[in-house]
Amino acid sequence: MLQFILGRASSGKTYTVTEKIAQCVNNGENPVLLVPEQFSFESEKNILGLLGDSDAQKVTVISFSRLCDEIERIKGGVCSAAVSDTDRIILMGRAIRLCGSELKCFKKYGKSSSFAAVMADAIGEFKLNFVSVEDLRSAAEKSDDSQLKAKLFDTALIYEQYDAVLSEKFIDLSDRLTKLYYVLENYRYFDGKTVFVDSFKGFSGQQYKILERIISQAE
């Protein structure tokens with residue numbers, strides 16, 4: 001069951017969440033509090049202040065990145081090296097060059113480092129919002145604008161090649177939540193848990209997909 005706690009700023013939403021978490025602990029349940037990374041310490045301190053040391057240890061406070069860490073620890077960590085922003089641009093440039101003559105609109109930018117940087121940012125946004133290579137190709141096929149169609153096909157081709165280059169020995173950290181989404185399809189981490197989500201101002205496409213998994217599994 002999904003329940004919303006609504007109210008204006010400073011109306012007591014977080015306090016209400018903390019009280020409900022305390023009730024879960026008293027009832028012998030397994031509460032999980034999902035918050036933005038920057039609120040993790042503050043949330044842990046609030047839980048500790050309300051419940052005390054012993055009961056506070058029965059509450060799992062996580063962010064999306066901590067959740068990735070936890071699942072990777074249980075299911076097996078990532079062995080590949082994480083790419084830096086500079087590495088991402090270098091690898092993107094390589095991917096663009098490998099596409100070569102298959103590109104139409106973007107062929108002339110094959111040796112441009114600034115174009116590689118632009119594509120790295122764009123594909124990072126696609127990953128963040130759970131937009132896949134197949135989504136781009138589908139959009140291209142539906143477009144009546146020939147210029148847009150060609151750009152979308154080129155972008156999908158570069159995206160696909162970039163992922164192929166990455167898979168050789170690297171991992172783009174922007175892929176972590178997407179990978180987590182597919183892991184959670186069969187690994188039901190949230191079974192038997194009551195999950196509270198607090199302090200977010202919004203969610204990315206990837207985060208919404210993780211929330212789907214949480215809602216489908218949690219109490």
# chains A, B, ... in the order shown; residues from 1 in each chain; ligands from 1
>>> closest_atom_pairs(of="segment 99-205 of chain A", to="segment 61-72 of chain A", cutoff="7 Å", atoms="only C-alpha atoms", output="Markdown table")
| residue | atom | partner | partner_atom | distance |
| --- | --- | --- | --- | --- |
| A:Arg176 | CA | A:Cys68 | CA | 6.9 |
| A:Leu177 | CA | A:Cys68 | CA | 7.0 |
| A:Leu180 | CA | A:Cys68 | CA | 6.5 |
>>> write_last_selection(atoms="N, CA, C and O atoms", output="CSV table (one decimal), in the first residue's frame")
chain,number,residue,atom,x,y,z
A,176,ARG,N,24.5,2.9,-12.7
A,176,ARG,CA,24.4,2.0,-11.5
A,176,ARG,C,22.9,1.8,-11.2
A,176,ARG,O,22.5,0.7,-10.9
A,177,LEU,N,22.1,2.8,-11.2
A,177,LEU,CA,20.7,2.7,-10.9
A,177,LEU,C,19.9,1.9,-11.9
A,177,LEU,O,19.0,1.1,-11.6
A,180,LEU,N,20.8,-1.6,-11.1
A,180,LEU,CA,20.0,-2.0,-9.9
A,180,LEU,C,18.6,-2.3,-10.2
A,180,LEU,O,18.0,-3.3,-9.6
>>> select_by_dssp(residues="segment 4-218 of chain A", states="strand (DSSP E or B)", output="list in words")
Asn30, Pro31, Val32, Leu33, Leu34, Thr60, Val61, Ile62, Ala81, Ala82, Phe170, Ile171, Lys193, Thr194, Val195, Phe196 and Val197 of chain A
>>> select_by_dssp(residues="segment 2-129 of chain A", states="alpha helix (DSSP H)", output="PyMOL selection string")
chain A and resi 13-26+40-56+64-75+85-99+113-128
>>> closest_residue(among="A:Gln57, A:Ser143, A:Ser132, A:Thr178", to="Lys45 of chain A", atoms="only C-alpha atoms")
A:Gln57
>>> closest_residue(among="A:Leu33, A:Asp154, A:Tyr189, A:Lys127", to="Gly100 of chain A", atoms="only C-alpha atoms")
A:Asp154
>>> atom_distance(atom1="atom CA of Ser43 of chain A", atom2="atom CA of Ile5 of chain A")
17.0 Å
>>> closest_residue(among="A:Ala122, A:Cys99, A:Gln3, A:Thr194", to="Asn27 of chain A", atoms="only C-alpha atoms")
A:Thr194
>>> decode(residues="segment 149-163 of chain A", atoms="all heavy atoms", output="PDB file, in the first residue's frame")
ATOM      1  N   LYS A 149      15.031  12.920 -37.329  1.00  0.00           N
ATOM      2  CA  LYS A 149      15.140  11.468 -37.440  1.00  0.00           C
ATOM      3  C   LYS A 149      16.608  11.049 -37.561  1.00  0.00           C
ATOM      4  O   LYS A 149      17.070  10.138 -36.875  1.00  0.00           O
ATOM      5  CB  LYS A 149      14.362  10.999 -38.672  1.00  0.00           C
ATOM      6  CG  LYS A 149      14.330   9.485 -38.868  1.00  0.00           C
ATOM      7  CD  LYS A 149      13.670   9.116 -40.185  1.00  0.00           C
ATOM      8  CE  LYS A 149      12.201   9.404 -40.198  1.00  0.00           C
ATOM      9  NZ  LYS A 149      11.430   8.419 -39.401  1.00  0.00           N
ATOM     10  N   ALA A 150      17.342  11.751 -38.448  1.00  0.00           N
ATOM     11  CA  ALA A 150      18.754  11.416 -38.667  1.00  0.00           C
ATOM     12  C   ALA A 150      19.581  11.658 -37.407  1.00  0.00           C
ATOM     13  O   ALA A 150      20.460  10.861 -37.052  1.00  0.00           O
ATOM     14  CB  ALA A 150      19.308  12.231 -39.827  1.00  0.00           C
ATOM     15  N   LYS A 151      19.302  12.767 -36.695  1.00  0.00           N
ATOM     16  CA  LYS A 151      20.052  13.074 -35.470  1.00  0.00           C
ATOM     17  C   LYS A 151      19.782  12.031 -34.382  1.00  0.00           C
ATOM     18  O   LYS A 151      20.698  11.629 -33.658  1.00  0.00           O
ATOM     19  CB  LYS A 151      19.681  14.463 -34.967  1.00  0.00           C
ATOM     20  CG  LYS A 151      20.276  15.594 -35.796  1.00  0.00           C
ATOM     21  CD  LYS A 151      19.900  16.947 -35.217  1.00  0.00           C
ATOM     22  CE  LYS A 151      20.546  18.075 -36.018  1.00  0.00           C
ATOM     23  NZ  LYS A 151      20.193  19.409 -35.462  1.00  0.00           N
ATOM     24  N   LEU A 152      18.532  11.602 -34.276  1.00  0.00           N
ATOM     25  CA  LEU A 152      18.190  10.596 -33.277  1.00  0.00           C
ATOM     26  C   LEU A 152      18.850   9.255 -33.585  1.00  0.00           C
ATOM     27  O   LEU A 152      19.350   8.577 -32.684  1.00  0.00           O
ATOM     28  CB  LEU A 152      16.677  10.432 -33.182  1.00  0.00           C
ATOM     29  CG  LEU A 152      15.921  11.563 -32.476  1.00  0.00           C
ATOM     30  CD1 LEU A 152      14.415  11.412 -32.689  1.00  0.00           C
ATOM     31  CD2 LEU A 152      16.239  11.580 -30.989  1.00  0.00           C
ATOM     32  N   PHE A 153      18.860   8.869 -34.867  1.00  0.00           N
ATOM     33  CA  PHE A 153      19.516   7.622 -35.247  1.00  0.00           C
ATOM     34  C   PHE A 153      21.021   7.697 -34.975  1.00  0.00           C
ATOM     35  O   PHE A 153      21.618   6.739 -34.469  1.00  0.00           O
ATOM     36  CB  PHE A 153      19.271   7.307 -36.725  1.00  0.00           C
ATOM     37  CG  PHE A 153      18.003   6.534 -36.974  1.00  0.00           C
ATOM     38  CD1 PHE A 153      17.036   7.008 -37.839  1.00  0.00           C
ATOM     39  CD2 PHE A 153      17.769   5.314 -36.338  1.00  0.00           C
ATOM     40  CE1 PHE A 153      15.858   6.302 -38.064  1.00  0.00           C
ATOM     41  CE2 PHE A 153      16.592   4.596 -36.559  1.00  0.00           C
ATOM     42  CZ  PHE A 153      15.643   5.090 -37.425  1.00  0.00           C
ATOM     43  N   ASP A 154      21.643   8.826 -35.283  1.00  0.00           N
ATOM     44  CA  ASP A 154      23.067   9.002 -35.015  1.00  0.00           C
ATOM     45  C   ASP A 154      23.354   8.937 -33.516  1.00  0.00           C
ATOM     46  O   ASP A 154      24.316   8.304 -33.074  1.00  0.00           O
ATOM     47  CB  ASP A 154      23.548  10.356 -35.561  1.00  0.00           C
ATOM     48  CG  ASP A 154      23.899  10.308 -37.047  1.00  0.00           C
ATOM     49  OD1 ASP A 154      23.638   9.262 -37.679  1.00  0.00           O
ATOM     50  OD2 ASP A 154      24.420  11.309 -37.576  1.00  0.00           O
ATOM     51  N   THR A 155      22.506   9.601 -32.742  1.00  0.00           N
ATOM     52  CA  THR A 155      22.689   9.609 -31.288  1.00  0.00           C
ATOM     53  C   THR A 155      22.549   8.199 -30.720  1.00  0.00           C
ATOM     54  O   THR A 155      23.333   7.788 -29.854  1.00  0.00           O
ATOM     55  CB  THR A 155      21.680  10.554 -30.615  1.00  0.00           C
ATOM     56  OG1 THR A 155      21.823  11.870 -31.158  1.00  0.00           O
ATOM     57  CG2 THR A 155      21.885  10.605 -29.117  1.00  0.00           C
ATOM     58  N   ALA A 156      21.570   7.452 -31.211  1.00  0.00           N
ATOM     59  CA  ALA A 156      21.378   6.070 -30.755  1.00  0.00           C
ATOM     60  C   ALA A 156      22.592   5.216 -31.106  1.00  0.00           C
ATOM     61  O   ALA A 156      23.040   4.384 -30.294  1.00  0.00           O
ATOM     62  CB  ALA A 156      20.120   5.485 -31.391  1.00  0.00           C
ATOM     63  N   LEU A 157      23.145   5.435 -32.282  1.00  0.00           N
ATOM     64  CA  LEU A 157      24.315   4.674 -32.719  1.00  0.00           C
ATOM     65  C   LEU A 157      25.525   4.977 -31.832  1.00  0.00           C
ATOM     66  O   LEU A 157      26.244   4.063 -31.398  1.00  0.00           O
ATOM     67  CB  LEU A 157      24.634   5.010 -34.181  1.00  0.00           C
ATOM     68  CG  LEU A 157      25.787   4.252 -34.832  1.00  0.00           C
ATOM     69  CD1 LEU A 157      25.480   2.756 -34.890  1.00  0.00           C
ATOM     70  CD2 LEU A 157      26.040   4.786 -36.246  1.00  0.00           C
ATOM     71  N   ILE A 158      25.738   6.257 -31.540  1.00  0.00           N
ATOM     72  CA  ILE A 158      26.851   6.665 -30.680  1.00  0.00           C
ATOM     73  C   ILE A 158      26.657   6.124 -29.258  1.00  0.00           C
ATOM     74  O   ILE A 158      27.598   5.624 -28.630  1.00  0.00           O
ATOM     75  CB  ILE A 158      26.982   8.202 -30.672  1.00  0.00           C
ATOM     76  CG1 ILE A 158      27.423   8.704 -32.054  1.00  0.00           C
ATOM     77  CG2 ILE A 158      27.979   8.652 -29.607  1.00  0.00           C
ATOM     78  CD1 ILE A 158      27.328  10.212 -32.222  1.00  0.00           C
ATOM     79  N   TYR A 159      25.444   6.227 -28.756  1.00  0.00           N
ATOM     80  CA  TYR A 159      25.081   5.727 -27.425  1.00  0.00           C
ATOM     81  C   TYR A 159      25.419   4.236 -27.321  1.00  0.00           C
ATOM     82  O   TYR A 159      26.064   3.775 -26.365  1.00  0.00           O
ATOM     83  CB  TYR A 159      23.585   5.975 -27.235  1.00  0.00           C
ATOM     84  CG  TYR A 159      22.977   5.747 -25.871  1.00  0.00           C
ATOM     85  CD1 TYR A 159      21.704   6.254 -25.591  1.00  0.00           C
ATOM     86  CD2 TYR A 159      23.604   5.025 -24.866  1.00  0.00           C
ATOM     87  CE1 TYR A 159      21.090   6.064 -24.364  1.00  0.00           C
ATOM     88  CE2 TYR A 159      23.008   4.824 -23.631  1.00  0.00           C
ATOM     89  CZ  TYR A 159      21.742   5.342 -23.392  1.00  0.00           C
ATOM     90  OH  TYR A 159      21.150   5.148 -22.172  1.00  0.00           O
ATOM     91  N   GLU A 160      25.003   3.476 -28.320  1.00  0.00           N
ATOM     92  CA  GLU A 160      25.232   2.036 -28.337  1.00  0.00           C
ATOM     93  C   GLU A 160      26.730   1.719 -28.388  1.00  0.00           C
ATOM     94  O   GLU A 160      27.212   0.832 -27.676  1.00  0.00           O
ATOM     95  CB  GLU A 160      24.523   1.421 -29.542  1.00  0.00           C
ATOM     96  CG  GLU A 160      24.573  -0.092 -29.612  1.00  0.00           C
ATOM     97  CD  GLU A 160      23.725  -0.614 -30.744  1.00  0.00           C
ATOM     98  OE1 GLU A 160      23.883  -0.127 -31.890  1.00  0.00           O
ATOM     99  OE2 GLU A 160      22.893  -1.513 -30.499  1.00  0.00           O
ATOM    100  N   GLN A 161      27.457   2.461 -29.218  1.00  0.00           N
ATOM    101  CA  GLN A 161      28.892   2.237 -29.353  1.00  0.00           C
ATOM    102  C   GLN A 161      29.630   2.631 -28.074  1.00  0.00           C
ATOM    103  O   GLN A 161      30.581   1.968 -27.652  1.00  0.00           O
ATOM    104  CB  GLN A 161      29.438   3.040 -30.540  1.00  0.00           C
ATOM    105  CG  GLN A 161      30.888   2.739 -30.881  1.00  0.00           C
ATOM    106  CD  GLN A 161      31.102   1.308 -31.333  1.00  0.00           C
ATOM    107  OE1 GLN A 161      30.571   0.868 -32.346  1.00  0.00           O
ATOM    108  NE2 GLN A 161      31.864   0.543 -30.569  1.00  0.00           N
ATOM    109  N   TYR A 162      29.190   3.701 -27.440  1.00  0.00           N
ATOM    110  CA  TYR A 162      29.783   4.148 -26.175  1.00  0.00           C
ATOM    111  C   TYR A 162      29.643   3.068 -25.110  1.00  0.00           C
ATOM    112  O   TYR A 162      30.598   2.750 -24.390  1.00  0.00           O
ATOM    113  CB  TYR A 162      29.112   5.446 -25.713  1.00  0.00           C
ATOM    114  CG  TYR A 162      29.546   5.927 -24.350  1.00  0.00           C
ATOM    115  CD1 TYR A 162      30.833   6.411 -24.131  1.00  0.00           C
ATOM    116  CD2 TYR A 162      28.662   5.894 -23.265  1.00  0.00           C
ATOM    117  CE1 TYR A 162      31.231   6.844 -22.864  1.00  0.00           C
ATOM    118  CE2 TYR A 162      29.050   6.331 -22.011  1.00  0.00           C
ATOM    119  CZ  TYR A 162      30.334   6.811 -21.818  1.00  0.00           C
ATOM    120  OH  TYR A 162      30.723   7.235 -20.569  1.00  0.00           O
ATOM    121  N   ASP A 163      28.456   2.482 -25.001  1.00  0.00           N
ATOM    122  CA  ASP A 163      28.245   1.413 -24.026  1.00  0.00           C
ATOM    123  C   ASP A 163      29.126   0.206 -24.339  1.00  0.00           C
ATOM    124  O   ASP A 163      29.623  -0.468 -23.426  1.00  0.00           O
ATOM    125  CB  ASP A 163      26.773   0.997 -24.003  1.00  0.00           C
ATOM    126  CG  ASP A 163      25.925   1.896 -23.119  1.00  0.00           C
ATOM    127  OD1 ASP A 163      26.502   2.725 -22.380  1.00  0.00           O
ATOM    128  OD2 ASP A 163      24.687   1.784 -23.160  1.00  0.00           O
TER     129      ASP A 163
END
